[in-house]
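S.K.: Dumping the structure here so I can ask a few things about it.
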Amino acid sequence: MAKPTLTLLSDLTPPSLERTWLTAPHPTLPIVATCSSDKTVRVYSLQNFKLLSTITGGHKRSVRTCAWKPHIQGESVLATGSFDATVGIWRRWDNYGRSENASGWGVEENDESNANAETTEDGEEEEWRFAVLLDGHDSEVKSVSWSPSGMLLATCARDKSIWIWEDLDDGDNNFETVAVLQEHGGDVKSVAWHPVEECLASGGYDDTIRLWREDLDDWGQVACIKKHEGTVWFVEWEGTETAPKILPAEGVDAESLRSQWRDQHALSGPRLVSCSDDRTVRIWRRLPKQMMQPGAMSSATTGIPSIIRPSGTDETWEEDAVLPHAHELAVYAVAWSRRTGLLASVGADGRIVVYEERVVRSTDSDAMETESAEGKTLLTTEWSILAVVDGAHGIYEINHAAWAKRADRGSDGDEEVLVTTADDGSVKVWTLQG
Amino acid sequence: MENSNPTILNAADLPTRNRPTVKSGDYPSGIFAAVPNPADFLSSDSEDDDLLEEPIDEQEIYDLIRSISDPEHPLSLGELAVVSLPDIFIKPTLPNVPDSPLQTVTVLITPTITHCSLATVIGLGVRVRLEQSLPPRFRIDVRIKEGTHSTGDEVNKQLGDKERVAAALENGALMQVIAKMMETCQ
């Protein structure tokens with residue numbers, strides 16, 4: 001079987017002329033937002049790969065990060081985080097993005113669905129309304145993330161803190177500070193919400209990954225994973241709908257294996273992936289609560305067993321896998337597809353690597369089934385490299401990768417694209433073929 | 001001032017190629033000789049040579065950073081031996097990808113005293129100078145020479161953090177200090 005290849009579909013044009021840090025795909029519309037060192041955010045179409053709007057005027061320094069608020073109707077809301085220590089909230093009515101016209105926004109500006117638009121006469125840039133500036137961090141904001149419901153926004157900064165804000169949705173753009181979490185010993189580089197629960201993961205300059213939950217009105221740390229040997233640059237959660245690949249073979253009942261894997265996986269819930277300055281990409285799994293015997297508390301995964309005290313909220317996280325070594329320099333971002341379960345990583349070596357998880361069958365290895373504590377058999381999986389692109393953005397470092405729904409061939413189909421963002425301002429869209 | 005009596009090297013004794021007496025292709029010999037880039041010998045007969053980027057060697061890196069001023073002495077990093085030619089290394093970044101143009105420049109810094117609080121600023125100055133002077137195919141790795149600073153690992157981590165360096169470049173007060181250090185560079 002021929003190996004799949006990652007093929008360049010298009011660049012997003014025109015690009016920023018300065019470093020771009022991150023590109024966030026919209027949760028429902030075929031658009032992405034790219035954060036740039038030129039203090040702006042560019043919104044591009046995934047239908048024709050062209051620039052739709054440039055959001056300017058909100059930040060005094062580089063825009064480092066942004067995230068789209070999920071689950072809102074008729075309007076798009078974008079949170080931006082900047083080196084100027086502030087978080088901006090921006091709003092825009094969705095009328096143009098719904099156009100069936102492949103040219104995207106800006107063509108049928110004057111049709112009847114336009115009633116709510118602010119204005120069309122002042123040019124497109126006016127359509128993004130600056131809603132509010134969240135002021136609280138002392139230094140550069142590095143990452144922002146909306147909770148799955150869209151109610152909570154987590155932000156983190158070089159000031160070692162994570163702030164959790166509640167969007168009061170009172171029509172007046174009011175946000176309330178719910179918690180300020182200060183356990184990290186250095187810059188907090190990345191925050192990411194669990195796909196369904198109100199559980200936050202963070203990673204940072206102190207080489208740790210931490211998990212946070214609310215317990216009786218108080219937000220607190222429930223786990224600290226100390227196994228990376230360098231800054232943790234990015235953390236991301238697994239989706240809830242995907243499963244590892246089961247290669248067809250004689251005597252293998254793929255459906256029953258898949259359902260066995262789902263049952264086993266449901267005990268732990270979605271896993272977490274992290275990437276680091278130590279060049280590794282690692283996957284973490286929560287130990288199911290019923291398996292957490294007192295002895296499990298001394299698990300070597302934390303390195304600091306004394307911090308993990310058995311109580312109602314504390315969790316034990318174990319290393320599930322270290323992905324095959326594929327990067328020569330720092331790994332800056334990792335993207336876990338919520339459609340296919342594929343992982344992609346990018347970094348300072350300019351390389352894109354795509355990985356696939358497969359169930360290990362007994363013919364491949366004797367280790368297919370291991371005994372769990374209850375005497376039940378557990379399926380094991382294995383990650384392998386599916387595709388590698390060297391010099392994906394020429395000589396430039398790649399700062400971010402994200403999976404998005406393919407939109408350049410109409411809205412049908414469930415095909416996926418990978419969007420990568422680099423130091424020279426280029427953003428490239430790739431498809432996995434073969 | 002933390003170290004009021006640093007060892008000073010005579011500027012005239014420092015290895016450099018920035019002198020009229022040294023003709024192109026005529027590498028300085030002796031213990032300070034830079035290792036010539038093999039590309040110099042491999043690409044001698046092509047007409048396109050003039051269009052190609054000139055190879056960059058350790059001596060050129062040294063000449064770029066030796067004239068940076070120390071933030072607290074009226075002397076250059078070369079004169080104070082904070083930077084020195086034998087502590088500069090150029091290597092392919094991706095040895096397993098033969099046609100990759102990426103090269104990593106490593107500069108080891110020797111602070112004048114082991115608890116120098118300005119080590120981070122000096123390292124940042126060296127990194128900024130190289131980032132602004134070298135083509136983007138170079139990955140720049142500036143670190144404190146092992147055993148020469150009490151908090152070397154901390155300083156190295158900060159100097160190696162792309163995001164922190166990028167933010168520092170947008171910090172006006174810090175950039176004023178760096179700009180002052182660069183005033184003595186050509």
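Chain labels follow the order of the structure tokens: the first chain is A, the next B, and so on; residue numbering restarts at 1 in every chain, and ligands are counted from 1 in their shown order.
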Give me, as a PyMOL selection string, the residues of chain B touching chain A, with the criterion being at most 10 Å (counting only C-alpha atoms).
M.R.: chain B and resi 93-97+100-103+135-139+157-158+160-164+166-168+170-171
S.K.: Excluding same-chain residues fewer than 6 positions from segment 118-131 of chain B, what lies within 8 Å of it counting only C-alpha atoms, as a VMD selection string?
M.R.: chain B and resid 61 64 to 65 68 70 to 71 109 111 140 to 144 155 158 to 159 165 178 181 to 182
S.K.: With N, CA and C atoms retained, could you export that selection as a compact mmCIF listing (two decimals), in the first residue's frame?
M.R.:
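Now in out-v5.txt:
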# COMPACT_ATOMS: atom_id res chain seq x y z
N ILE B 61 30.94 35.15 11.40
CA ILE B 61 30.04 35.26 12.56
C ILE B 61 30.76 36.05 13.66
N LEU B 64 30.87 39.66 13.08
CA LEU B 64 29.58 40.31 13.28
C LEU B 64 29.33 40.66 14.74
N ILE B 65 29.86 39.85 15.67
CA ILE B 65 29.49 40.03 17.08
C ILE B 65 30.62 40.57 17.95
N ILE B 68 30.22 44.22 19.26
CA ILE B 68 29.11 44.61 20.14
C ILE B 68 29.71 45.10 21.46
N ASP B 70 29.97 45.86 25.45
CA ASP B 70 29.48 45.32 26.71
C ASP B 70 28.55 46.36 27.34
N PRO B 71 27.41 45.92 27.92
CA PRO B 71 26.49 46.92 28.47
C PRO B 71 27.06 47.70 29.66
N ILE B 109 28.93 31.89 24.99
CA ILE B 109 29.31 33.15 25.61
C ILE B 109 30.00 32.88 26.95
N PRO B 111 30.74 34.83 30.22
CA PRO B 111 30.58 36.07 30.98
C PRO B 111 31.88 36.40 31.72
N ILE B 140 19.72 30.23 15.03
CA ILE B 140 20.71 30.82 15.91
C ILE B 140 20.57 30.28 17.33
N ASP B 141 21.67 29.79 17.85
CA ASP B 141 21.69 29.12 19.14
C ASP B 141 22.77 29.81 19.98
N VAL B 142 22.35 30.73 20.85
CA VAL B 142 23.29 31.46 21.69
C VAL B 142 23.15 30.93 23.11
N ARG B 143 24.24 30.49 23.68
CA ARG B 143 24.15 29.96 25.05
C ARG B 143 25.40 30.31 25.83
N ILE B 144 25.28 30.18 27.16
CA ILE B 144 26.40 30.45 28.04
C ILE B 144 27.30 29.22 28.04
N VAL B 155 19.57 31.03 31.92
CA VAL B 155 19.84 32.01 30.86
C VAL B 155 19.68 31.35 29.50
N GLN B 158 16.05 30.87 28.45
CA GLN B 158 15.44 32.12 28.03
C GLN B 158 15.93 32.54 26.63
N LEU B 159 17.23 32.41 26.40
CA LEU B 159 17.79 32.81 25.10
C LEU B 159 17.30 31.90 23.98
N VAL B 165 12.10 35.85 23.04
CA VAL B 165 12.99 36.73 22.28
C VAL B 165 12.16 37.68 21.41
N ILE B 178 19.88 47.28 23.98
CA ILE B 178 20.47 46.50 22.89
C ILE B 178 21.00 47.44 21.79
N MET B 181 24.26 48.83 22.69
CA MET B 181 25.34 47.84 22.54
C MET B 181 25.77 47.71 21.08
N MET B 182 24.80 47.94 20.17
CA MET B 182 25.07 47.76 18.73
C MET B 182 25.71 48.99 18.10
S.K.: Using atom CA of Leu17 of chain A and atom CA of Asp38 of chain A as the two end points, give the distance in Å to one decimal.
M.R.: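 Spanning atom CA of Leu17 of chain A to atom CA of Asp38 of chain A is a straight-line distance of 7.9 Å.
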S.K.: Please identify which residues in segment 121-261 of chain A DSSP calls alpha helix (DSSP H) from the backbone, and express them as a ChimeraX atom specification.
M.R.: /A:254-261
S.K.: Cys66 of chain A: which residues within 12 Å, counting only C-alpha atoms, same-chain residues fewer than 3 positions away excluded, as a ChimeraX atom specification?
M.R.: /A:20-26,32-36,40-43,55,62-63,69,77-82,86-90,141-146,153-156,190-191,400
S.K.: Atom CA of Pro324 of chain A and atom CA of Ala387 of chain A, how far apart in Å?
M.R.: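 The value is 12.1 Å.
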S.K.: Quick one: everything within 9 Å of segment 12-14 of chain B, counting only C-alpha atoms, minus sequence neighbours fewer than 4 positions away in the same chain. Send it as a tab-separated table (two decimals) with N, CA and C atoms, in the first residue's frame.
M.R.:
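Below is the file that was written, out_36.tsv:
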chain	number	residue	atom	x	y	z
B	32	PHE	N	44.06	30.63	15.19
B	32	PHE	CA	42.76	31.29	15.05
B	32	PHE	C	42.12	31.04	13.68
B	66	ARG	N	31.88	40.54	17.46
B	66	ARG	CA	33.00	40.96	18.30
B	66	ARG	C	32.92	42.43	18.67
B	78	GLY	N	34.42	41.24	22.05
B	78	GLY	CA	35.65	40.60	21.58
B	78	GLY	C	36.81	40.93	22.50
B	79	GLU	N	36.95	42.20	22.85
B	79	GLU	CA	38.05	42.63	23.72
B	79	GLU	C	37.95	41.98	25.11
B	84	SER	N	34.44	34.47	21.47
B	84	SER	CA	35.75	34.17	20.88
B	84	SER	C	35.57	33.18	19.73
S.K.: Between atom CA of Pro86 of chain B and atom CA of Gln59 of chain B, what distance in Å does the model show, to one decimal?
M.R.: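 Atom CA of Gln59 of chain B lies 9.4 Å from atom CA of Pro86 of chain B.
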S.K.: Fewer than 2 positions away in the same chain doesn't count, so skip those; otherwise give me all residues within 12 Å of Glu146 of chain B, counting only C-alpha atoms, as a ChimeraX atom specification.
M.R.: /B:87,107-111,114,143-144,148-153,155-156
S.K.: Give me, as a PyMOL selection string, all polymer residues having an atom no more than 10 Å from Leu211 of chain A, counting only C-alpha atoms and skipping those fewer than 5 positions away in the same chain.
M.R.: chain A and resi 191-194+199-203+220-225+314-315+317
S.K.: Which residue gives the smallest distance to Thr16 of chain B among B:Glu58, B:Glu154, B:Asp99, B:Glu183, with only C-alpha atoms counted?
M.R.: B:Glu58
S.K.: Measuring atom to atom with only C-alpha atoms, identify which of A:Ala266, A:Leu6, A:Ile162, A:Met151 is nearest to Glu198 of chain A.
M.R.: A:Met151
S.K.: Which neighbours of Leu168 of chain A fall inside 12 Å, counting only C-alpha atoms, when residues of the same chain fewer than 6 positions from it are skipped, and could you give them as a PyMOL selection string?
M.R.: chain A and resi 150-153+174-178
S.K.: Those residues with N, CA and C atoms, as a PDB file, in the first residue's frame please?
M.R.:
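Printed below is again_11.pdb as written:
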ATOM      1  N   GLY A 150     -18.765  27.608  25.285  1.00  0.00           N
ATOM      2  CA  GLY A 150     -18.576  29.003  24.921  1.00  0.00           C
ATOM      3  C   GLY A 150     -18.803  29.961  26.077  1.00  0.00           C
ATOM      4  N   MET A 151     -19.100  29.419  27.245  1.00  0.00           N
ATOM      5  CA  MET A 151     -19.379  30.267  28.408  1.00  0.00           C
ATOM      6  C   MET A 151     -18.099  30.820  29.028  1.00  0.00           C
ATOM      7  N   LEU A 152     -17.036  30.007  29.003  1.00  0.00           N
ATOM      8  CA  LEU A 152     -15.795  30.387  29.682  1.00  0.00           C
ATOM      9  C   LEU A 152     -14.676  30.612  28.678  1.00  0.00           C
ATOM     10  N   LEU A 153     -13.846  31.589  28.983  1.00  0.00           N
ATOM     11  CA  LEU A 153     -12.657  31.855  28.176  1.00  0.00           C
ATOM     12  C   LEU A 153     -11.447  31.743  29.093  1.00  0.00           C
ATOM     13  N   ASN A 174     -20.010  42.128  28.824  1.00  0.00           N
ATOM     14  CA  ASN A 174     -19.375  42.036  30.133  1.00  0.00           C
ATOM     15  C   ASN A 174     -18.784  40.650  30.364  1.00  0.00           C
ATOM     16  N   PHE A 175     -17.571  40.646  30.864  1.00  0.00           N
ATOM     17  CA  PHE A 175     -16.903  39.406  31.245  1.00  0.00           C
ATOM     18  C   PHE A 175     -16.557  39.503  32.726  1.00  0.00           C
ATOM     19  N   GLU A 176     -16.696  38.373  33.415  1.00  0.00           N
ATOM     20  CA  GLU A 176     -16.386  38.353  34.838  1.00  0.00           C
ATOM     21  C   GLU A 176     -15.212  37.414  35.072  1.00  0.00           C
ATOM     22  N   THR A 177     -14.268  37.822  35.924  1.00  0.00           N
ATOM     23  CA  THR A 177     -13.149  36.950  36.249  1.00  0.00           C
ATOM     24  C   THR A 177     -13.629  35.856  37.195  1.00  0.00           C
ATOM     25  N   VAL A 178     -13.492  34.606  36.763  1.00  0.00           N
ATOM     26  CA  VAL A 178     -13.956  33.482  37.568  1.00  0.00           C
ATOM     27  C   VAL A 178     -12.821  32.922  38.416  1.00  0.00           C
TER      28      VAL A 178
END
S.K.: Going by DSSP on the backbone, which bits of segment 143-262 of chain A are strand (DSSP E or B)? Write them as number ranges by chain, please.
M.R.: A: 143-146, 152-157, 162-167, 175-181, 188-193, 199-204, 209-215, 218-225, 232-237, 245
S.K.: How would the residues just chosen look if you wrote them out with C-alpha atoms as a PDB file, in the first residue's frame?
M.R.:
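The new file result-v2.pdb reads:
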ATOM      1  CA  SER A 143      -2.830  31.439  24.378  1.00  0.00           C
ATOM      2  CA  VAL A 144      -6.623  31.753  24.625  1.00  0.00           C
ATOM      3  CA  SER A 145      -9.266  29.010  24.578  1.00  0.00           C
ATOM      4  CA  TRP A 146     -13.090  28.948  24.792  1.00  0.00           C
ATOM      5  CA  LEU A 152     -15.795  30.387  29.682  1.00  0.00           C
ATOM      6  CA  LEU A 153     -12.657  31.855  28.176  1.00  0.00           C
ATOM      7  CA  ALA A 154      -9.232  30.797  29.476  1.00  0.00           C
ATOM      8  CA  THR A 155      -6.223  33.041  28.848  1.00  0.00           C
ATOM      9  CA  CYS A 156      -2.581  32.572  29.850  1.00  0.00           C
ATOM     10  CA  ALA A 157       0.552  34.699  29.852  1.00  0.00           C
ATOM     11  CA  ILE A 162      -4.125  31.464  33.789  1.00  0.00           C
ATOM     12  CA  TRP A 163      -7.265  33.580  33.966  1.00  0.00           C
ATOM     13  CA  ILE A 164     -10.715  32.104  33.494  1.00  0.00           C
ATOM     14  CA  TRP A 165     -13.343  34.606  32.380  1.00  0.00           C
ATOM     15  CA  GLU A 166     -17.079  34.064  32.126  1.00  0.00           C
ATOM     16  CA  ASP A 167     -18.812  35.606  29.145  1.00  0.00           C
ATOM     17  CA  PHE A 175     -16.903  39.406  31.245  1.00  0.00           C
ATOM     18  CA  GLU A 176     -16.386  38.353  34.838  1.00  0.00           C
ATOM     19  CA  THR A 177     -13.149  36.950  36.249  1.00  0.00           C
ATOM     20  CA  VAL A 178     -13.956  33.482  37.568  1.00  0.00           C
ATOM     21  CA  ALA A 179     -10.475  32.350  38.600  1.00  0.00           C
ATOM     22  CA  VAL A 180      -6.803  33.254  38.478  1.00  0.00           C
ATOM     23  CA  LEU A 181      -4.635  30.118  38.584  1.00  0.00           C
ATOM     24  CA  VAL A 188       2.047  29.482  30.532  1.00  0.00           C
ATOM     25  CA  LYS A 189       2.432  28.775  26.819  1.00  0.00           C
ATOM     26  CA  SER A 190      -0.814  27.026  25.940  1.00  0.00           C
ATOM     27  CA  VAL A 191      -4.302  26.430  27.321  1.00  0.00           C
ATOM     28  CA  ALA A 192      -6.935  24.061  25.904  1.00  0.00           C
ATOM     29  CA  TRP A 193     -10.387  23.038  27.108  1.00  0.00           C
ATOM     30  CA  CYS A 199     -11.681  20.785  32.428  1.00  0.00           C
ATOM     31  CA  LEU A 200      -8.723  22.893  31.330  1.00  0.00           C
ATOM     32  CA  ALA A 201      -5.242  21.704  30.332  1.00  0.00           C
ATOM     33  CA  SER A 202      -2.201  23.963  30.273  1.00  0.00           C
ATOM     34  CA  GLY A 203       1.469  23.629  29.402  1.00  0.00           C
ATOM     35  CA  GLY A 204       4.402  25.920  29.899  1.00  0.00           C
ATOM     36  CA  ILE A 209       1.341  20.067  31.912  1.00  0.00           C
ATOM     37  CA  ARG A 210      -1.382  20.863  34.430  1.00  0.00           C
ATOM     38  CA  LEU A 211      -5.077  20.035  34.564  1.00  0.00           C
ATOM     39  CA  TRP A 212      -7.655  22.229  36.239  1.00  0.00           C
ATOM     40  CA  ARG A 213     -11.247  21.713  37.313  1.00  0.00           C
ATOM     41  CA  GLU A 214     -13.863  23.505  39.358  1.00  0.00           C
ATOM     42  CA  ASP A 215     -14.715  21.919  42.695  1.00  0.00           C
ATOM     43  CA  ASP A 218     -13.256  26.908  43.415  1.00  0.00           C
ATOM     44  CA  TRP A 219     -11.025  26.303  40.442  1.00  0.00           C
ATOM     45  CA  GLY A 220      -7.952  24.282  41.290  1.00  0.00           C
ATOM     46  CA  GLN A 221      -5.246  22.058  39.910  1.00  0.00           C
ATOM     47  CA  VAL A 222      -6.219  18.389  39.725  1.00  0.00           C
ATOM     48  CA  ALA A 223      -3.038  17.009  38.142  1.00  0.00           C
ATOM     49  CA  CYS A 224       0.501  18.017  37.281  1.00  0.00           C
ATOM     50  CA  ILE A 225       2.407  16.027  34.671  1.00  0.00           C
ATOM     51  CA  VAL A 232       5.740  22.493  26.762  1.00  0.00           C
ATOM     52  CA  TRP A 233       4.725  24.606  23.754  1.00  0.00           C
ATOM     53  CA  PHE A 234       1.263  23.293  23.008  1.00  0.00           C
ATOM     54  CA  VAL A 235      -1.433  21.056  24.432  1.00  0.00           C
ATOM     55  CA  GLU A 236      -4.531  19.754  22.672  1.00  0.00           C
ATOM     56  CA  TRP A 237      -7.337  17.298  23.423  1.00  0.00           C
ATOM     57  CA  LYS A 245      -7.505   2.488  12.661  1.00  0.00           C
TER      58      LYS A 245
END
